[in-house]
Each structure stands twice: as C-alpha cells, then as structure tokens.
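**Student:** Quick one: structure below, then a few questions.
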Amino acid sequence: MINALSVGMMVLLYTMQSLLCKKYSDHYPGDPEMASPVFTVVSGMFVVLVAFFVSGFSFSFSSVTVLLGVINAVALFGYNRFIIEAAQSGPYSVLMVFSIAGGIVIPTAVAHLLFQESLSILKILALLVVFLAVWLISRKQGEARPKSGKFFVTCLLLGICNGTYGCLLDVQQRLTGVEEKDEMVAITYGVAVLLSFVVLAIKQKRRIAATMRQTGRSALYLAACSLAVAAAINLLVYIIPLVDLTVLYTLDNSGTMLLSVIASVIFFRERLSRTNVIGCVTMAAALVAVALL
C-alpha cells in the first residue's frame, strides 16, 4: 500500500511539473528558445541543494556513481534539447510515442537482460497497448507531416535520452547501493546545469543576465516547478528499488501524460477529439493491466 501511494504521489508531482513548466514557458519574458536552458539552470541548482539537504550535507560517492551521473546529465540535457527540436519539426503524437516508448523500453530491457528481472508476454502486450494509447491521446486533427527525415532521427534520440536517464538511475542503485542515490541526483543535475549554462554563454554571450531575468509571474511558476522537480526526482530514486521497474516507468511516463491531458482539459479548457478520448480510456485500461500484471 505504501509503495502504491508513493508511486501515485510521484505521478502527481511529475504532472504538476508538466503543467507548471507549461505555465512558466508561457510567461517567460525572453527568447522562447532560451526558456528551456534557463529552466534547467535554475531548477537544476535547486535540485542539487535539495540533494545536499537530504543527504545531511555529506556526500560520499564512488567513481561509478560519478561516471553514471555525468552520462545521465548528458541524457537529461539531450532530452530537453531534442523534445524542443522534435516539436518544431513534426507531429506531437509521434514524438510522444518515441519519448514514452524509450522511457519504458530501455530501462525494462536493461533490467531484463542484465539483472534478470522478469518480463512476461502479457506485460509486453500491455505495453504495446500503452504505446498505441499514447499515439491516440496526443494525435491532433490536421497534424502536419514531418518536414524531413531528420524529425524521426530527433525522435529516436529523444527516446534514447529519456530511456537512458531512467535506466541509469536504476543501474546506479543496483551497482553501488541506495546509499549513493542522493549523490547520483546531485551529479546528474549539477552537470546538466553546467551544460545548460555553457549553452547560454555561447548563444547569449553578454546577455546572460538579461536572459535569466524573470517577471514576477514567471519567477513564481519557475520556483513552483523547481520544487516539483526536486520532490519528484527524490521520490523516484527512493521508489526504484521497491517497485517492479516496468510498472514504475510505465506509470511514471504514461500515467503522467494521461493526468496532464485531463488537467489541461480542466484548467486550460483544451478540447479533446473522439480519438483523444478513446486514447485516454485505452490508456487507463492499459495502465491498470500493467499494474496488475
């Protein structure tokens, strides 16, 4: 029961992160392309501070954790970049299928192949239904076709980055134990902050201070979203060793998407097509099936 409640809380936190991030992007006063690196810098620094606090301001990490944390930071940075590039060059429904499929398949495959975690045929079939539901939920009427083959390459890289991020959080705990989970979080987000700051320095040069400047409303959404990010990632690394990995990442990725869509209808008055509604119902049924299996 405690594990189920923890997973539910994690999905709610990631849903809040998604909604708050959208509100922040809508109110960011600078160049829209700079909203993502600015968000990564600010939220990343907050996550690192929280990780220090959770660990009692005492870090002790192995070389394995450092290596995996740096690789994970690159994956996190790549995810933020590729999701923007994909959204600008092709259908949202396609990029979401790649992103969520990567976020579920890669950690599941690694856990199955390297650590002999069970993977039944029924669970695989349920996951295929989940991917179909993702496409149905995110499909919009009159979607433009991809502008070039580069779109699919970008979507593939997006899925790889999303899956690698979740996979390495799990691998690190399997190899070094849960004692270094806070260090893993701090290294991942700390290096991601450095990478994003380098991007800001290259693209904005002497305008970094102006790029970081916020309005009162955007600062409020940025702070709230940063808090949600920190709470969600710390809860995730706590849950990883306690819950079946396939179930965890399916609920994490797909459950968050489903709740985000429902919340968008309620709070942002977004309209769903019949296809989207069918996708939501299918997704709900598939998630229940995955959890029961």
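By order of appearance in the structure tokens: chains A, B, ..., then residues from 1 within every chain, and ligands from 1 in the order shown.
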Write out as a list in words which residues come within 7 Å of range 165-172 of chain A when counting only C-alpha atoms, dropping same-chain ones fewer than 6 positions away.

**Tutor:** Thr65, Leu68, Asn72, Ala75, Leu76, Gly103, Ile106, Pro107, Val237 and Ile240 of chain A

**Student:** Please give the complete set of residues from range 26-99 of chain A that DSSP, run on the backbone, assigns to alpha helix (DSSP H), formatted as a PyMOL selection string.

**Tutor:** chain A and resi 26-27+35-54+63-89+92-99

**Student:** Counting only C-alpha atoms, which residue out of A:Val66, A:Leu200, A:Ala73, A:Ala285 sits closest to Asp31 in chain A?

**Tutor:**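 Of A:Val66, A:Leu200, A:Ala73, A:Ala285, the one nearest Asp31 in chain A, counting only C-alpha atoms, is A:Leu200.
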
**Student:** List as an MDAnalysis selection string the protein and nucleic acid residues near range 149-159 of chain A, meaning an atom at most 12 Å away when only C-alpha atoms are counted, but skip any in the same chain fewer than 2 places from it.

**Tutor:** chainID A and resid 74:107 145:147 161:167 253

**Student:** I need the residues from that last selection saved to file as a compact mmCIF listing (two decimals), in the first residue's frame (with N, CA and C atoms), if you can.

**Tutor:**
```txt
# COMPACT_ATOMS: atom_id res chain seq x y z
N VAL A 74 24.15 14.22 -19.41
CA VAL A 74 24.13 14.41 -20.86
C VAL A 74 22.78 13.95 -21.43
N ALA A 75 22.26 12.82 -20.90
CA ALA A 75 20.96 12.33 -21.34
C ALA A 75 19.85 13.32 -21.00
N LEU A 76 19.88 13.89 -19.80
CA LEU A 76 18.89 14.87 -19.38
C LEU A 76 18.97 16.13 -20.25
N PHE A 77 20.18 16.58 -20.51
CA PHE A 77 20.39 17.76 -21.36
C PHE A 77 19.89 17.47 -22.78
N GLY A 78 20.21 16.27 -23.29
CA GLY A 78 19.78 15.90 -24.63
C GLY A 78 18.27 15.81 -24.74
N TYR A 79 17.62 15.28 -23.71
CA TYR A 79 16.15 15.18 -23.71
C TYR A 79 15.53 16.57 -23.84
N ASN A 80 16.01 17.52 -23.05
CA ASN A 80 15.46 18.88 -23.11
C ASN A 80 15.67 19.52 -24.48
N ARG A 81 16.78 19.19 -25.11
CA ARG A 81 17.06 19.76 -26.44
C ARG A 81 16.23 19.10 -27.52
N PHE A 82 16.20 17.76 -27.52
CA PHE A 82 15.55 17.04 -28.62
C PHE A 82 14.04 17.16 -28.59
N ILE A 83 13.45 17.32 -27.40
CA ILE A 83 12.00 17.44 -27.36
C ILE A 83 11.55 18.76 -27.98
N ILE A 84 12.37 19.79 -27.86
CA ILE A 84 12.06 21.08 -28.49
C ILE A 84 12.24 20.98 -30.00
N GLU A 85 13.37 20.38 -30.44
CA GLU A 85 13.63 20.23 -31.87
C GLU A 85 12.56 19.39 -32.55
N ALA A 86 12.14 18.30 -31.90
CA ALA A 86 11.12 17.42 -32.48
C ALA A 86 9.78 18.14 -32.58
N ALA A 87 9.44 18.91 -31.56
CA ALA A 87 8.16 19.62 -31.56
C ALA A 87 8.11 20.67 -32.67
N GLN A 88 9.25 21.19 -33.05
CA GLN A 88 9.32 22.22 -34.09
C GLN A 88 9.31 21.65 -35.50
N SER A 89 9.50 20.34 -35.65
CA SER A 89 9.68 19.78 -37.00
C SER A 89 8.73 18.65 -37.36
N GLY A 90 7.81 18.27 -36.46
CA GLY A 90 6.91 17.16 -36.80
C GLY A 90 5.77 17.00 -35.82
N PRO A 91 4.92 15.99 -36.04
CA PRO A 91 3.73 15.77 -35.22
C PRO A 91 4.05 15.47 -33.76
N TYR A 92 3.29 16.09 -32.87
CA TYR A 92 3.48 15.88 -31.44
C TYR A 92 3.19 14.44 -31.04
N SER A 93 2.20 13.82 -31.70
CA SER A 93 1.83 12.45 -31.35
C SER A 93 2.98 11.48 -31.59
N VAL A 94 3.73 11.69 -32.66
CA VAL A 94 4.85 10.80 -32.99
C VAL A 94 5.99 10.97 -31.98
N LEU A 95 6.33 12.21 -31.66
CA LEU A 95 7.43 12.43 -30.73
C LEU A 95 7.10 11.89 -29.35
N MET A 96 5.81 11.95 -28.94
CA MET A 96 5.44 11.42 -27.65
C MET A 96 5.54 9.90 -27.60
N VAL A 97 5.19 9.23 -28.71
CA VAL A 97 5.32 7.78 -28.76
C VAL A 97 6.79 7.38 -28.60
N PHE A 98 7.67 8.06 -29.32
CA PHE A 98 9.11 7.77 -29.22
C PHE A 98 9.62 8.05 -27.81
N SER A 99 9.22 9.18 -27.24
CA SER A 99 9.71 9.57 -25.92
C SER A 99 9.27 8.57 -24.85
N ILE A 100 7.98 8.26 -24.82
CA ILE A 100 7.47 7.36 -23.79
C ILE A 100 7.93 5.93 -24.02
N ALA A 101 7.98 5.51 -25.30
CA ALA A 101 8.47 4.16 -25.59
C ALA A 101 9.91 4.00 -25.12
N GLY A 102 10.74 5.00 -25.39
CA GLY A 102 12.13 4.94 -24.92
C GLY A 102 12.22 4.94 -23.41
N GLY A 103 11.37 5.76 -22.77
CA GLY A 103 11.38 5.85 -21.32
C GLY A 103 10.97 4.58 -20.62
N ILE A 104 10.22 3.72 -21.32
CA ILE A 104 9.77 2.45 -20.73
C ILE A 104 10.63 1.28 -21.21
N VAL A 105 10.86 1.21 -22.51
CA VAL A 105 11.52 0.03 -23.11
C VAL A 105 12.98 -0.09 -22.68
N ILE A 106 13.73 1.00 -22.70
CA ILE A 106 15.17 0.90 -22.40
C ILE A 106 15.42 0.46 -20.96
N PRO A 107 14.82 1.09 -19.94
CA PRO A 107 15.04 0.58 -18.57
C PRO A 107 14.55 -0.86 -18.38
N ARG A 145 2.55 16.59 -41.65
CA ARG A 145 3.50 15.51 -41.74
C ARG A 145 4.90 16.02 -41.40
N PRO A 146 5.81 15.11 -40.99
CA PRO A 146 7.18 15.54 -40.69
C PRO A 146 7.81 16.30 -41.86
N LYS A 147 8.54 17.35 -41.54
CA LYS A 147 9.15 18.16 -42.58
C LYS A 147 10.33 17.48 -43.24
N CYS A 161 17.43 9.25 -25.01
CA CYS A 161 17.80 10.08 -23.85
C CYS A 161 16.84 9.87 -22.69
N ASN A 162 15.54 9.80 -22.98
CA ASN A 162 14.56 9.59 -21.92
C ASN A 162 14.76 8.23 -21.25
N GLY A 163 15.00 7.20 -22.07
CA GLY A 163 15.21 5.87 -21.52
C GLY A 163 16.52 5.74 -20.77
N THR A 164 17.57 6.37 -21.28
CA THR A 164 18.87 6.31 -20.63
C THR A 164 18.82 6.96 -19.26
N TYR A 165 18.13 8.08 -19.17
CA TYR A 165 18.00 8.80 -17.90
C TYR A 165 17.40 7.89 -16.82
N GLY A 166 16.27 7.27 -17.13
CA GLY A 166 15.63 6.39 -16.15
C GLY A 166 16.44 5.13 -15.89
N CYS A 167 17.06 4.60 -16.94
CA CYS A 167 17.83 3.37 -16.82
C CYS A 167 19.02 3.54 -15.88
N ASN A 253 5.82 7.52 -16.93
CA ASN A 253 5.73 8.19 -18.23
C ASN A 253 4.28 8.33 -18.71
```

**Student:** Restricting the calculation to only C-alpha atoms, which member of A:Leu19, A:Asn3, A:Val134, A:Ala192 is positioned closest to Ala263 in chain A?

**Tutor:**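 Among A:Leu19, A:Asn3, A:Val134, A:Ala192, it is A:Leu19 that comes nearest to Ala263 in chain A.
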
**Student:** Which is closer to Met9 in chain A than all the others in A:Met34, A:Val193, A:Leu236, A:Val185, using only C-alpha atoms?

**Tutor:** A:Leu236

**Student:** Any idea what's packed within 9 Å of Gly255 in chain A, counting only C-alpha atoms, ignoring anything in its chain fewer than 6 positions away? Could you give it as a ChimeraX atom specification?

**Tutor:** /A:11-12,15,283-284,287

**Student:** With all heavy atoms retained, could you export that selection as a compact mmCIF listing (two decimals), in the first residue's frame?

**Tutor:**
```
# COMPACT_ATOMS: atom_id res chain seq x y z
N VAL A 11 3.62 10.31 -9.59
CA VAL A 11 2.93 10.66 -10.84
C VAL A 11 2.28 12.04 -10.71
O VAL A 11 2.33 12.85 -11.65
CB VAL A 11 1.88 9.59 -11.18
CG1 VAL A 11 1.02 10.04 -12.37
CG2 VAL A 11 2.57 8.27 -11.51
N LEU A 12 1.69 12.33 -9.56
CA LEU A 12 1.08 13.65 -9.34
C LEU A 12 2.13 14.76 -9.40
O LEU A 12 1.90 15.83 -9.97
CB LEU A 12 0.36 13.68 -8.00
CG LEU A 12 -0.96 12.92 -7.92
CD1 LEU A 12 -1.50 12.95 -6.48
CD2 LEU A 12 -1.99 13.52 -8.87
N THR A 15 3.15 15.31 -12.93
CA THR A 15 2.06 16.00 -13.62
C THR A 15 2.09 17.49 -13.29
O THR A 15 1.95 18.34 -14.18
CB THR A 15 0.71 15.41 -13.23
OG1 THR A 15 0.69 14.01 -13.54
CG2 THR A 15 -0.42 16.09 -13.98
N MET A 283 -5.68 4.06 -22.48
CA MET A 283 -4.51 4.25 -21.61
C MET A 283 -4.85 3.84 -20.17
O MET A 283 -4.07 3.12 -19.52
CB MET A 283 -4.05 5.69 -21.64
CG MET A 283 -2.94 6.02 -20.65
SD MET A 283 -1.38 5.31 -21.13
CE MET A 283 -0.86 6.53 -22.34
N ALA A 284 -5.98 4.29 -19.67
CA ALA A 284 -6.38 3.95 -18.29
C ALA A 284 -6.48 2.44 -18.12
O ALA A 284 -5.98 1.89 -17.14
CB ALA A 284 -7.69 4.63 -17.95
N LEU A 287 -2.92 0.86 -18.22
CA LEU A 287 -2.14 1.10 -17.00
C LEU A 287 -2.60 0.19 -15.87
O LEU A 287 -1.80 -0.31 -15.09
CB LEU A 287 -2.26 2.57 -16.59
CG LEU A 287 -1.57 3.57 -17.52
CD1 LEU A 287 -1.80 5.01 -17.01
CD2 LEU A 287 -0.08 3.29 -17.64
```

**Student:** Tell me which protein, DNA and RNA residues are within 8 Å of Ser25 in chain A, counting only C-alpha atoms, leaving out same-chain ones fewer than 4 positions away, and put them as a ChimeraX atom specification.

**Tutor:** /A:21,32,35,218
